[in-house]
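What follows is structure_8.pdb (PDB, N, CA and C atoms).
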ATOM      1  N   GLU X   1      -3.787 -41.875 -25.687
ATOM      2  CA  GLU X   1      -2.925 -41.404 -24.606
ATOM      3  C   GLU X   1      -1.648 -40.793 -25.192
ATOM      4  N   GLY X   2      -1.041 -41.466 -26.139
ATOM      5  CA  GLY X   2       0.183 -40.952 -26.767
ATOM      6  C   GLY X   2      -0.077 -39.668 -27.534
ATOM      7  N   ARG X   3      -1.238 -39.605 -28.199
ATOM      8  CA  ARG X   3      -1.575 -38.408 -28.971
ATOM      9  C   ARG X   3      -1.775 -37.207 -28.037
ATOM     10  N   ARG X   4      -2.391 -37.432 -26.867
ATOM     11  CA  ARG X   4      -2.584 -36.342 -25.892
ATOM     12  C   ARG X   4      -1.243 -35.830 -25.393
ATOM     13  N   LEU X   5      -0.303 -36.743 -25.194
ATOM     14  CA  LEU X   5       1.025 -36.353 -24.735
ATOM     15  C   LEU X   5       1.717 -35.497 -25.796
ATOM     16  N   ILE X   6       1.631 -35.904 -27.055
ATOM     17  CA  ILE X   6       2.241 -35.133 -28.145
ATOM     18  C   ILE X   6       1.584 -33.753 -28.248
ATOM     19  N   GLU X   7       0.255 -33.701 -28.135
ATOM     20  CA  GLU X   7      -0.454 -32.413 -28.173
ATOM     21  C   GLU X   7      -0.028 -31.527 -27.007
ATOM     22  N   ALA X   8       0.112 -32.131 -25.834
ATOM     23  CA  ALA X   8       0.523 -31.373 -24.655
ATOM     24  C   ALA X   8       1.927 -30.803 -24.850
ATOM     25  N   ILE X   9       2.825 -31.590 -25.439
ATOM     26  CA  ILE X   9       4.192 -31.119 -25.695
ATOM     27  C   ILE X   9       4.167 -29.974 -26.702
ATOM     28  N   ARG X  10       3.380 -30.100 -27.761
ATOM     29  CA  ARG X  10       3.276 -29.040 -28.765
ATOM     30  C   ARG X  10       2.680 -27.767 -28.141
ATOM     31  N   ASP X  11       1.630 -27.940 -27.343
ATOM     32  CA  ASP X  11       1.016 -26.786 -26.684
ATOM     33  C   ASP X  11       2.018 -26.079 -25.770
ATOM     34  N   ALA X  12       2.773 -26.868 -25.013
ATOM     35  CA  ALA X  12       3.765 -26.289 -24.106
ATOM     36  C   ALA X  12       4.847 -25.556 -24.906
ATOM     37  N   ALA X  13       5.283 -26.146 -26.004
ATOM     38  CA  ALA X  13       6.295 -25.508 -26.846
ATOM     39  C   ALA X  13       5.770 -24.214 -27.456
ATOM     40  N   ALA X  14       4.466 -24.139 -27.691
ATOM     41  CA  ALA X  14       3.851 -22.940 -28.269
ATOM     42  C   ALA X  14       3.519 -21.898 -27.198
ATOM     43  N   GLY X  15       3.854 -22.197 -25.942
ATOM     44  CA  GLY X  15       3.611 -21.241 -24.867
ATOM     45  C   GLY X  15       2.279 -21.414 -24.167
ATOM     46  N   GLN X  16       1.556 -22.463 -24.482
ATOM     47  CA  GLN X  16       0.281 -22.727 -23.823
ATOM     48  C   GLN X  16       0.548 -23.260 -22.417
ATOM     49  N   LEU X  17      -0.246 -22.827 -21.468
ATOM     50  CA  LEU X  17      -0.107 -23.284 -20.094
ATOM     51  C   LEU X  17      -0.980 -24.515 -19.899
ATOM     52  N   MET X  18      -0.385 -25.581 -19.461
ATOM     53  CA  MET X  18      -1.111 -26.829 -19.236
ATOM     54  C   MET X  18      -1.139 -27.107 -17.742
ATOM     55  N   MET X  19      -2.351 -27.329 -17.217
ATOM     56  CA  MET X  19      -2.468 -27.694 -15.806
ATOM     57  C   MET X  19      -3.757 -28.468 -15.585
ATOM     58  N   PRO X  20      -3.745 -29.312 -14.585
ATOM     59  CA  PRO X  20      -4.960 -30.068 -14.274
ATOM     60  C   PRO X  20      -6.093 -29.124 -13.877
ATOM     61  N   ALA X  21      -7.323 -29.547 -14.120
ATOM     62  CA  ALA X  21      -8.500 -28.723 -13.838
ATOM     63  C   ALA X  21      -8.578 -28.336 -12.367
ATOM     64  N   VAL X  22      -8.191 -29.234 -11.481
ATOM     65  CA  VAL X  22      -8.249 -28.941 -10.042
ATOM     66  C   VAL X  22      -7.326 -27.762  -9.708
ATOM     67  N   ILE X  23      -6.140 -27.772 -10.280
ATOM     68  CA  ILE X  23      -5.181 -26.690 -10.047
ATOM     69  C   ILE X  23      -5.710 -25.391 -10.664
ATOM     70  N   ALA X  24      -6.240 -25.470 -11.864
ATOM     71  CA  ALA X  24      -6.781 -24.285 -12.538
ATOM     72  C   ALA X  24      -7.904 -23.665 -11.713
ATOM     73  N   ALA X  25      -8.754 -24.488 -11.140
ATOM     74  CA  ALA X  25      -9.856 -23.989 -10.322
ATOM     75  C   ALA X  25      -9.335 -23.288  -9.069
ATOM     76  N   LYS X  26      -8.326 -23.879  -8.411
ATOM     77  CA  LYS X  26      -7.743 -23.257  -7.223
ATOM     78  C   LYS X  26      -7.068 -21.936  -7.575
ATOM     79  N   LEU X  27      -6.365 -21.918  -8.699
ATOM     80  CA  LEU X  27      -5.703 -20.702  -9.151
ATOM     81  C   LEU X  27      -6.725 -19.600  -9.423
ATOM     82  N   ALA X  28      -7.793 -19.954 -10.102
ATOM     83  CA  ALA X  28      -8.844 -18.978 -10.405
ATOM     84  C   ALA X  28      -9.480 -18.448  -9.121
ATOM     85  N   ALA X  29      -9.718 -19.322  -8.158
ATOM     86  CA  ALA X  29     -10.315 -18.897  -6.889
ATOM     87  C   ALA X  29      -9.384 -17.945  -6.144
ATOM     88  N   ASN X  30      -8.088 -18.268  -6.132
ATOM     89  CA  ASN X  30      -7.122 -17.399  -5.457
ATOM     90  C   ASN X  30      -7.009 -16.045  -6.158
ATOM     91  N   LEU X  31      -7.000 -16.041  -7.476
ATOM     92  CA  LEU X  31      -6.926 -14.785  -8.220
ATOM     93  C   LEU X  31      -8.160 -13.923  -7.955
ATOM     94  N   THR X  32      -9.313 -14.543  -7.879
ATOM     95  CA  THR X  32     -10.542 -13.813  -7.582
ATOM     96  C   THR X  32     -10.487 -13.213  -6.187
ATOM     97  N   ARG X  33     -10.017 -14.012  -5.220
ATOM     98  CA  ARG X  33      -9.906 -13.539  -3.841
ATOM     99  C   ARG X  33      -8.923 -12.376  -3.746
ATOM    100  N   LEU X  34      -7.761 -12.494  -4.402
ATOM    101  CA  LEU X  34      -6.755 -11.426  -4.369
ATOM    102  C   LEU X  34      -7.265 -10.160  -5.052
ATOM    103  N   SER X  35      -7.979 -10.341  -6.142
ATOM    104  CA  SER X  35      -8.538  -9.198  -6.862
ATOM    105  C   SER X  35      -9.549  -8.465  -5.992
ATOM    106  N   ALA X  36     -10.389  -9.218  -5.308
ATOM    107  CA  ALA X  36     -11.388  -8.613  -4.420
ATOM    108  C   ALA X  36     -10.706  -7.877  -3.270
ATOM    109  N   ALA X  37      -9.635  -8.462  -2.731
ATOM    110  CA  ALA X  37      -8.896  -7.816  -1.640
ATOM    111  C   ALA X  37      -8.249  -6.525  -2.128
ATOM    112  N   ALA X  38      -7.701  -6.545  -3.344
ATOM    113  CA  ALA X  38      -7.077  -5.342  -3.905
ATOM    114  C   ALA X  38      -8.118  -4.252  -4.112
ATOM    115  N   GLU X  39      -9.293  -4.616  -4.591
ATOM    116  CA  GLU X  39     -10.356  -3.629  -4.784
ATOM    117  C   GLU X  39     -10.804  -3.053  -3.451
ATOM    118  N   LEU X  40     -10.901  -3.908  -2.444
ATOM    119  CA  LEU X  40     -11.303  -3.448  -1.118
ATOM    120  C   LEU X  40     -10.268  -2.469  -0.573
ATOM    121  N   THR X  41      -8.980  -2.828  -0.708
ATOM    122  CA  THR X  41      -7.917  -1.952  -0.233
ATOM    123  C   THR X  41      -7.959  -0.627  -0.976
ATOM    124  N   SER X  42      -8.105  -0.684  -2.292
ATOM    125  CA  SER X  42      -8.162   0.523  -3.096
ATOM    126  C   SER X  42      -9.371   1.373  -2.702
ATOM    127  N   GLY X  43     -10.513   0.725  -2.531
ATOM    128  CA  GLY X  43     -11.726   1.434  -2.123
ATOM    129  C   GLY X  43     -11.585   2.030  -0.746
ATOM    130  N   SER X  44     -10.961   1.288   0.172
ATOM    131  CA  SER X  44     -10.757   1.790   1.527
ATOM    132  C   SER X  44      -9.851   3.004   1.513
ATOM    133  N   LEU X  45      -8.776   2.937   0.705
ATOM    134  CA  LEU X  45      -7.866   4.066   0.620
ATOM    135  C   LEU X  45      -8.564   5.281   0.044
ATOM    136  N   HIS X  46      -9.404   5.057  -0.952
ATOM    137  CA  HIS X  46     -10.137   6.170  -1.550
ATOM    138  C   HIS X  46     -11.066   6.797  -0.515
ATOM    139  N   ALA X  47     -11.740   5.949   0.256
ATOM    140  CA  ALA X  47     -12.637   6.453   1.295
ATOM    141  C   ALA X  47     -11.852   7.210   2.357
ATOM    142  N   ILE X  48     -10.708   6.648   2.764
ATOM    143  CA  ILE X  48      -9.872   7.307   3.762
ATOM    144  C   ILE X  48      -9.404   8.656   3.235
ATOM    145  N   GLN X  49      -8.962   8.675   1.982
ATOM    146  CA  GLN X  49      -8.460   9.903   1.387
ATOM    147  C   GLN X  49      -9.540  10.984   1.369
ATOM    148  N   ASN X  50     -10.767  10.586   1.089
ATOM    149  CA  ASN X  50     -11.864  11.554   1.065
ATOM    150  C   ASN X  50     -12.233  12.045   2.460
ATOM    151  N   GLU X  51     -11.984  11.215   3.487
ATOM    152  CA  GLU X  51     -12.365  11.579   4.849
ATOM    153  C   GLU X  51     -11.275  12.317   5.601
ATOM    154  N   ILE X  52     -10.022  12.139   5.197
ATOM    155  CA  ILE X  52      -8.920  12.760   5.914
ATOM    156  C   ILE X  52      -8.901  14.253   5.630
ATOM    157  N   ARG X  53      -8.838  15.005   6.681
ATOM    158  CA  ARG X  53      -8.752  16.450   6.559
ATOM    159  C   ARG X  53      -7.506  16.913   7.307
ATOM    160  N   LEU X  54      -6.383  16.924   6.621
ATOM    161  CA  LEU X  54      -5.140  17.385   7.232
ATOM    162  C   LEU X  54      -5.000  18.877   6.993
ATOM    163  N   THR X  55      -4.497  19.557   8.012
ATOM    164  CA  THR X  55      -4.192  20.969   7.834
ATOM    165  C   THR X  55      -2.987  21.070   6.897
ATOM    166  N   GLY X  56      -2.688  22.270   6.471
ATOM    167  CA  GLY X  56      -1.534  22.467   5.593
ATOM    168  C   GLY X  56      -0.255  21.965   6.218
ATOM    169  N   ARG X  57      -0.037  22.284   7.497
ATOM    170  CA  ARG X  57       1.188  21.861   8.192
ATOM    171  C   ARG X  57       1.206  20.346   8.368
ATOM    172  N   GLU X  58       0.052  19.744   8.712
ATOM    173  CA  GLU X  58      -0.019  18.282   8.848
ATOM    174  C   GLU X  58       0.294  17.606   7.522
ATOM    175  N   ALA X  59      -0.232  18.139   6.440
ATOM    176  CA  ALA X  59       0.025  17.560   5.118
ATOM    177  C   ALA X  59       1.507  17.664   4.771
ATOM    178  N   GLU X  60       2.121  18.777   5.128
ATOM    179  CA  GLU X  60       3.556  18.968   4.871
ATOM    180  C   GLU X  60       4.373  17.945   5.651
ATOM    181  N   ILE X  61       4.036  17.756   6.905
ATOM    182  CA  ILE X  61       4.738  16.784   7.749
ATOM    183  C   ILE X  61       4.468  15.365   7.256
ATOM    184  N   ALA X  62       3.229  15.082   6.892
ATOM    185  CA  ALA X  62       2.875  13.750   6.375
ATOM    186  C   ALA X  62       3.670  13.439   5.110
ATOM    187  N   SER X  63       3.836  14.417   4.262
ATOM    188  CA  SER X  63       4.603  14.222   3.035
ATOM    189  C   SER X  63       6.060  13.887   3.351
ATOM    190  N   LEU X  64       6.623  14.579   4.310
ATOM    191  CA  LEU X  64       8.008  14.300   4.709
ATOM    192  C   LEU X  64       8.120  12.928   5.372
ATOM    193  N   MET X  65       7.105  12.559   6.145
ATOM    194  CA  MET X  65       7.086  11.219   6.749
ATOM    195  C   MET X  65       7.072  10.154   5.655
ATOM    196  N   ALA X  66       6.241  10.368   4.643
ATOM    197  CA  ALA X  66       6.122   9.398   3.551
ATOM    198  C   ALA X  66       7.439   9.252   2.809
ATOM    199  N   GLN X  67       8.261  10.291   2.835
ATOM    200  CA  GLN X  67       9.575  10.230   2.192
ATOM    201  C   GLN X  67      10.602   9.518   3.063
ATOM    202  N   GLY X  68      10.198   9.175   4.303
ATOM    203  CA  GLY X  68      11.071   8.407   5.188
ATOM    204  C   GLY X  68      11.867   9.233   6.175
ATOM    205  N   LEU X  69      11.581  10.529   6.276
ATOM    206  CA  LEU X  69      12.314  11.365   7.217
ATOM    207  C   LEU X  69      11.895  11.063   8.649
ATOM    208  N   THR X  70      12.853  11.170   9.555
ATOM    209  CA  THR X  70      12.569  10.989  10.979
ATOM    210  C   THR X  70      11.983  12.284  11.532
ATOM    211  N   ASN X  71      11.457  12.206  12.753
ATOM    212  CA  ASN X  71      10.925  13.412  13.393
ATOM    213  C   ASN X  71      12.005  14.483  13.508
ATOM    214  N   LYS X  72      13.198  14.065  13.857
ATOM    215  CA  LYS X  72      14.308  15.006  14.007
ATOM    216  C   LYS X  72      14.620  15.689  12.668
ATOM    217  N   GLN X  73      14.648  14.907  11.587
ATOM    218  CA  GLN X  73      14.917  15.469  10.264
ATOM    219  C   GLN X  73      13.802  16.419   9.822
ATOM    220  N   ILE X  74      12.567  16.043  10.118
ATOM    221  CA  ILE X  74      11.425  16.898   9.764
ATOM    222  C   ILE X  74      11.513  18.208  10.537
ATOM    223  N   ALA X  75      11.818  18.115  11.832
ATOM    224  CA  ALA X  75      11.928  19.312  12.670
ATOM    225  C   ALA X  75      12.999  20.250  12.118
ATOM    226  N   LYS X  76      14.111  19.688  11.735
ATOM    227  CA  LYS X  76      15.205  20.504  11.190
ATOM    228  C   LYS X  76      14.788  21.153   9.873
ATOM    229  N   ALA X  77      14.134  20.386   9.011
ATOM    230  CA  ALA X  77      13.725  20.894   7.694
ATOM    231  C   ALA X  77      12.690  22.008   7.818
ATOM    232  N   LEU X  78      11.815  21.914   8.829
ATOM    233  CA  LEU X  78      10.735  22.887   8.977
ATOM    234  C   LEU X  78      11.016  23.942  10.053
ATOM    235  N   TYR X  79      12.236  23.901  10.618
ATOM    236  CA  TYR X  79      12.616  24.860  11.661
ATOM    237  C   TYR X  79      11.625  24.835  12.825
ATOM    238  N   MET X  80      11.337  23.623  13.289
ATOM    239  CA  MET X  80      10.414  23.434  14.400
ATOM    240  C   MET X  80      11.097  22.563  15.453
ATOM    241  N   HIS X  81      10.514  22.524  16.637
ATOM    242  CA  HIS X  81      11.033  21.650  17.684
ATOM    243  C   HIS X  81      10.583  20.216  17.422
ATOM    244  N   GLU X  82      11.436  19.285  17.773
ATOM    245  CA  GLU X  82      11.122  17.874  17.565
ATOM    246  C   GLU X  82       9.864  17.459  18.332
ATOM    247  N   GLY X  83       9.659  18.004  19.521
ATOM    248  CA  GLY X  83       8.457  17.691  20.308
ATOM    249  C   GLY X  83       7.186  18.139  19.593
ATOM    250  N   THR X  84       7.266  19.267  18.920
ATOM    251  CA  THR X  84       6.116  19.763  18.155
ATOM    252  C   THR X  84       5.820  18.812  17.000
ATOM    253  N   ILE X  85       6.861  18.342  16.366
ATOM    254  CA  ILE X  85       6.682  17.375  15.263
ATOM    255  C   ILE X  85       6.041  16.108  15.803
ATOM    256  N   ARG X  86       6.500  15.644  16.971
ATOM    257  CA  ARG X  86       5.896  14.441  17.573
ATOM    258  C   ARG X  86       4.404  14.641  17.797
ATOM    259  N   ASN X  87       4.025  15.828  18.234
ATOM    260  CA  ASN X  87       2.601  16.115  18.449
ATOM    261  C   ASN X  87       1.836  16.042  17.125
ATOM    262  N   TYR X  88       2.382  16.657  16.087
ATOM    263  CA  TYR X  88       1.739  16.609  14.771
ATOM    264  C   TYR X  88       1.636  15.162  14.276
ATOM    265  N   VAL X  89       2.707  14.391  14.466
ATOM    266  CA  VAL X  89       2.710  13.000  14.012
ATOM    267  C   VAL X  89       1.612  12.209  14.721
ATOM    268  N   SER X  90       1.422  12.453  16.007
ATOM    269  CA  SER X  90       0.358  11.765  16.751
ATOM    270  C   SER X  90      -1.012  12.103  16.175
ATOM    271  N   VAL X  91      -1.214  13.364  15.839
ATOM    272  CA  VAL X  91      -2.489  13.785  15.251
ATOM    273  C   VAL X  91      -2.682  13.127  13.882
ATOM    274  N   ILE X  92      -1.615  13.063  13.094
ATOM    275  CA  ILE X  92      -1.685  12.427  11.772
ATOM    276  C   ILE X  92      -2.034  10.950  11.921
ATOM    277  N   TYR X  93      -1.367  10.254  12.859
ATOM    278  CA  TYR X  93      -1.689   8.850  13.122
ATOM    279  C   TYR X  93      -3.177   8.692  13.402
ATOM    280  N   SER X  94      -3.679   9.556  14.267
ATOM    281  CA  SER X  94      -5.091   9.487  14.649
ATOM    282  C   SER X  94      -5.995   9.697  13.437
ATOM    283  N   LYS X  95      -5.667  10.670  12.614
ATOM    284  CA  LYS X  95      -6.517  10.990  11.463
ATOM    285  C   LYS X  95      -6.515   9.902  10.398
ATOM    286  N   ILE X  96      -5.373   9.194  10.236
ATOM    287  CA  ILE X  96      -5.329   8.147   9.204
ATOM    288  C   ILE X  96      -5.597   6.761   9.782
ATOM    289  N   GLY X  97      -5.773   6.688  11.102
ATOM    290  CA  GLY X  97      -6.178   5.439  11.736
ATOM    291  C   GLY X  97      -5.087   4.398  11.888
ATOM    292  N   VAL X  98      -3.874   4.840  12.204
ATOM    293  CA  VAL X  98      -2.775   3.905  12.440
ATOM    294  C   VAL X  98      -2.161   4.184  13.800
ATOM    295  N   SER X  99      -1.308   3.254  14.249
ATOM    296  CA  SER X  99      -0.703   3.432  15.563
ATOM    297  C   SER X  99       0.820   3.410  15.539
ATOM    298  N   ASP X 100       1.417   3.225  14.357
ATOM    299  CA  ASP X 100       2.871   3.251  14.301
ATOM    300  C   ASP X 100       3.361   3.841  12.970
ATOM    301  N   ARG X 101       4.615   4.185  12.942
ATOM    302  CA  ARG X 101       5.182   4.903  11.805
ATOM    303  C   ARG X 101       5.218   4.052  10.545
ATOM    304  N   ALA X 102       5.530   2.771  10.667
ATOM    305  CA  ALA X 102       5.603   1.907   9.487
ATOM    306  C   ALA X 102       4.256   1.867   8.762
ATOM    307  N   LYS X 103       3.179   1.674   9.515
ATOM    308  CA  LYS X 103       1.844   1.653   8.918
ATOM    309  C   LYS X 103       1.494   3.027   8.358
ATOM    310  N   ALA X 104       1.866   4.062   9.093
ATOM    311  CA  ALA X 104       1.579   5.424   8.635
ATOM    312  C   ALA X 104       2.269   5.693   7.301
ATOM    313  N   MET X 105       3.524   5.294   7.190
ATOM    314  CA  MET X 105       4.262   5.524   5.944
ATOM    315  C   MET X 105       3.615   4.793   4.780
ATOM    316  N   LEU X 106       3.158   3.565   5.013
ATOM    317  CA  LEU X 106       2.488   2.816   3.950
ATOM    318  C   LEU X 106       1.226   3.527   3.492
ATOM    319  N   VAL X 107       0.410   3.944   4.452
ATOM    320  CA  VAL X 107      -0.844   4.623   4.122
ATOM    321  C   VAL X 107      -0.562   5.944   3.418
ATOM    322  N   LEU X 108       0.368   6.717   3.955
ATOM    323  CA  LEU X 108       0.664   8.028   3.385
ATOM    324  C   LEU X 108       1.222   7.916   1.971
ATOM    325  N   LYS X 109       2.055   6.905   1.727
ATOM    326  CA  LYS X 109       2.590   6.704   0.375
ATOM    327  C   LYS X 109       1.464   6.348  -0.590
ATOM    328  N   GLN X 110       0.539   5.515  -0.138
ATOM    329  CA  GLN X 110      -0.573   5.110  -1.007
ATOM    330  C   GLN X 110      -1.551   6.256  -1.228
ATOM    331  N   LEU X 111      -1.681   7.115  -0.245
ATOM    332  CA  LEU X 111      -2.564   8.262  -0.384
ATOM    333  C   LEU X 111      -1.909   9.382  -1.173
ATOM    334  N   GLN X 112      -0.606   9.269  -1.358
ATOM    335  CA  GLN X 112       0.181  10.265  -2.107
ATOM    336  C   GLN X 112       0.010  11.657  -1.543
ATOM    337  N   LEU X 113       0.182  11.737  -0.225
ATOM    338  CA  LEU X 113       0.093  13.050   0.438
ATOM    339  C   LEU X 113       1.426  13.747   0.355
TER     340      LEU X 113
END
This structure in C-alpha coordinates:
Amino acid sequence: EGRRLIEAIRDAAAGQLMMPAVIAAKLAANLTRLSAAAELTSGSLHAIQNEIRLTGREAEIASLMAQGLTNKQIAKALYMHEGTIRNYVSVIYSKIGVSDRAKAMLVLKQLQL
(Lines of atoms letter the chains of each structure in order from A and count residues from 1; the text may use other names and numbers.)
(Lines give C-alpha, C1' and ligand atoms only; values in the text may rest on other atoms or scores of the structure.)
Protein backbone atom coordinates (compact mmCIF):
# COMPACT_ATOMS: atom_id res chain seq x y z
CA GLU A 1 0.00 0.00 0.00
CA GLY A 2 2.79 2.43 0.90
CA ARG A 3 4.74 1.54 -2.24
CA ARG A 4 1.66 2.25 -4.43
CA LEU A 5 1.29 5.64 -2.77
CA ILE A 6 4.96 6.49 -3.44
CA GLU A 7 4.60 5.34 -7.08
CA ALA A 8 1.44 7.41 -7.45
CA ILE A 9 3.25 10.49 -6.08
CA ARG A 10 6.18 9.94 -8.46
CA ASP A 11 3.83 9.42 -11.41
CA ALA A 12 1.93 12.60 -10.54
CA ALA A 13 5.18 14.55 -10.21
CA ALA A 14 6.22 13.24 -13.65
CA GLY A 15 2.97 14.52 -15.15
CA GLN A 16 1.15 11.20 -15.26
CA LEU A 17 -2.61 11.43 -14.80
CA MET A 18 -3.89 9.18 -12.05
CA MET A 19 -7.58 8.37 -11.75
CA PRO A 20 -9.76 5.49 -10.68
CA ALA A 21 -10.84 3.09 -13.44
CA VAL A 22 -14.50 4.05 -13.00
CA ILE A 23 -13.70 7.71 -13.65
CA ALA A 24 -11.45 6.83 -16.61
CA ALA A 25 -14.24 4.77 -18.16
CA LYS A 26 -16.77 7.61 -17.76
CA LEU A 27 -14.29 10.09 -19.21
CA ALA A 28 -13.62 7.84 -22.20
CA ALA A 29 -17.35 7.37 -22.80
CA ASN A 30 -17.97 11.12 -22.67
CA LEU A 31 -15.07 11.84 -25.02
CA THR A 32 -16.39 9.26 -27.47
CA ARG A 33 -19.88 10.75 -27.30
CA LEU A 34 -18.56 14.31 -27.81
CA SER A 35 -16.36 13.20 -30.69
CA ALA A 36 -19.31 11.51 -32.39
CA ALA A 37 -21.44 14.64 -31.90
CA ALA A 38 -18.68 16.82 -33.38
CA GLU A 39 -18.40 14.52 -36.41
CA LEU A 40 -22.17 14.58 -36.86
CA THR A 41 -22.22 18.38 -36.66
CA SER A 42 -19.31 18.63 -39.09
CA GLY A 43 -20.95 16.15 -41.45
CA SER A 44 -24.29 17.95 -41.21
CA LEU A 45 -22.64 21.27 -41.99
CA HIS A 46 -20.86 19.74 -44.96
CA ALA A 47 -24.15 18.31 -46.23
CA ILE A 48 -25.91 21.64 -45.67
CA GLN A 49 -23.13 23.49 -47.45
CA ASN A 50 -23.42 21.19 -50.46
CA GLU A 51 -27.22 21.59 -50.57
CA ILE A 52 -27.45 25.34 -50.05
CA ARG A 53 -27.80 27.26 -53.26
CA LEU A 54 -27.63 30.96 -52.47
CA THR A 55 -27.78 33.50 -55.23
CA GLY A 56 -24.93 35.98 -55.47
CA ARG A 57 -26.93 38.65 -53.63
CA GLU A 58 -28.06 36.17 -50.94
CA ALA A 59 -24.47 35.07 -50.40
CA GLU A 60 -23.38 38.71 -50.10
CA ILE A 61 -26.09 39.41 -47.52
CA ALA A 62 -25.34 36.15 -45.68
CA SER A 63 -21.69 37.13 -45.46
CA LEU A 64 -22.59 40.49 -43.95
CA MET A 65 -24.98 38.78 -41.53
CA ALA A 66 -22.19 36.44 -40.44
CA GLN A 67 -20.08 39.51 -39.70
CA GLY A 68 -22.80 40.66 -37.30
CA LEU A 69 -24.32 43.49 -39.32
CA THR A 70 -27.96 44.37 -38.74
CA ASN A 71 -30.50 44.54 -41.55
CA LYS A 72 -30.28 48.32 -41.45
CA GLN A 73 -26.47 48.24 -41.73
CA ILE A 74 -26.63 45.72 -44.58
CA ALA A 75 -29.20 47.86 -46.41
CA LYS A 76 -26.98 50.91 -46.08
CA ALA A 77 -23.86 49.03 -47.21
CA LEU A 78 -25.61 47.59 -50.27
CA TYR A 79 -27.70 50.68 -51.11
CA MET A 80 -30.93 48.73 -50.71
CA HIS A 81 -34.12 49.20 -48.72
CA GLU A 82 -34.23 47.59 -45.31
CA GLY A 83 -37.49 45.79 -46.23
CA THR A 84 -35.74 44.19 -49.20
CA ILE A 85 -32.96 43.00 -46.92
CA ARG A 86 -35.57 41.53 -44.56
CA ASN A 87 -37.01 39.59 -47.49
CA TYR A 88 -33.58 38.25 -48.45
CA VAL A 89 -32.87 37.34 -44.81
CA SER A 90 -36.12 35.35 -44.65
CA VAL A 91 -35.13 33.43 -47.78
CA ILE A 92 -31.65 32.77 -46.33
CA TYR A 93 -33.21 31.49 -43.08
CA SER A 94 -35.37 29.14 -45.11
CA LYS A 95 -32.47 27.87 -47.20
CA ILE A 96 -30.20 27.15 -44.21
CA GLY A 97 -33.03 25.77 -42.07
CA VAL A 98 -33.10 28.21 -39.16
CA SER A 99 -35.74 30.49 -37.71
CA ASP A 100 -33.76 33.25 -36.00
CA ARG A 101 -30.73 35.44 -36.54
CA ALA A 102 -28.58 33.98 -33.76
CA LYS A 103 -28.84 30.47 -35.22
CA ALA A 104 -28.37 31.84 -38.73
CA MET A 105 -25.17 33.63 -37.72
CA LEU A 106 -23.78 30.46 -36.15
CA VAL A 107 -24.53 28.39 -39.25
CA LEU A 108 -23.27 31.04 -41.65
CA LYS A 109 -20.01 31.48 -39.72
CA GLN A 110 -19.44 27.72 -39.75
CA LEU A 111 -20.26 27.51 -43.43
CA GLN A 112 -17.87 30.41 -44.06
CA LEU A 113 -20.19 32.12 -46.50
I need the residue nearest X:Ala104 from this list: X:Ala29, X:Ile6, X:Ala21, X:Ile92. Use all atoms listed in the file for the distance.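 Among the listed residues, X:Ile92 lies closest to X:Ala104.
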Within 8 Å of X:Ile61, counting all atoms listed in the file, which residues qualify if same-chain residues fewer than 2 places away don't, as a list in words?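 After dropping sequence-adjacent residues, the list is Thr55, Gly56, Arg57, Glu58, Ala59, Ser63, Leu64, Met65, Ala66, Gln67, Ile74, Ile85, Tyr88, Val89 and Leu113 of chain X.
In this model, the gap between atom CA of X:Arg53 and atom CA of X:Tyr93 comes to 12.3 Å.
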By how many Å are atom C of X:Leu78 and atom CA of X:Asp100 apart?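 Spanning atom C of X:Leu78 to atom CA of X:Asp100 is a straight-line distance of 22.6 Å.
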Give me, please, the distance in Å between atom CA of X:Lys72 and atom CA of X:Lys103, quoted to one decimal. 19.0 Å
Just need the box for stretch 73-77 of chain X, edges along x, y and z, holding every atom the file lists for it with 6 Å tacked onto each side, so centre and edge lengths in Å to one decimal, as JSON.
{"center_x": 13.3, "center_y": 18.5, "center_z": 10.2, "size_x": 15.8, "size_y": 19.1, "size_z": 17.0}
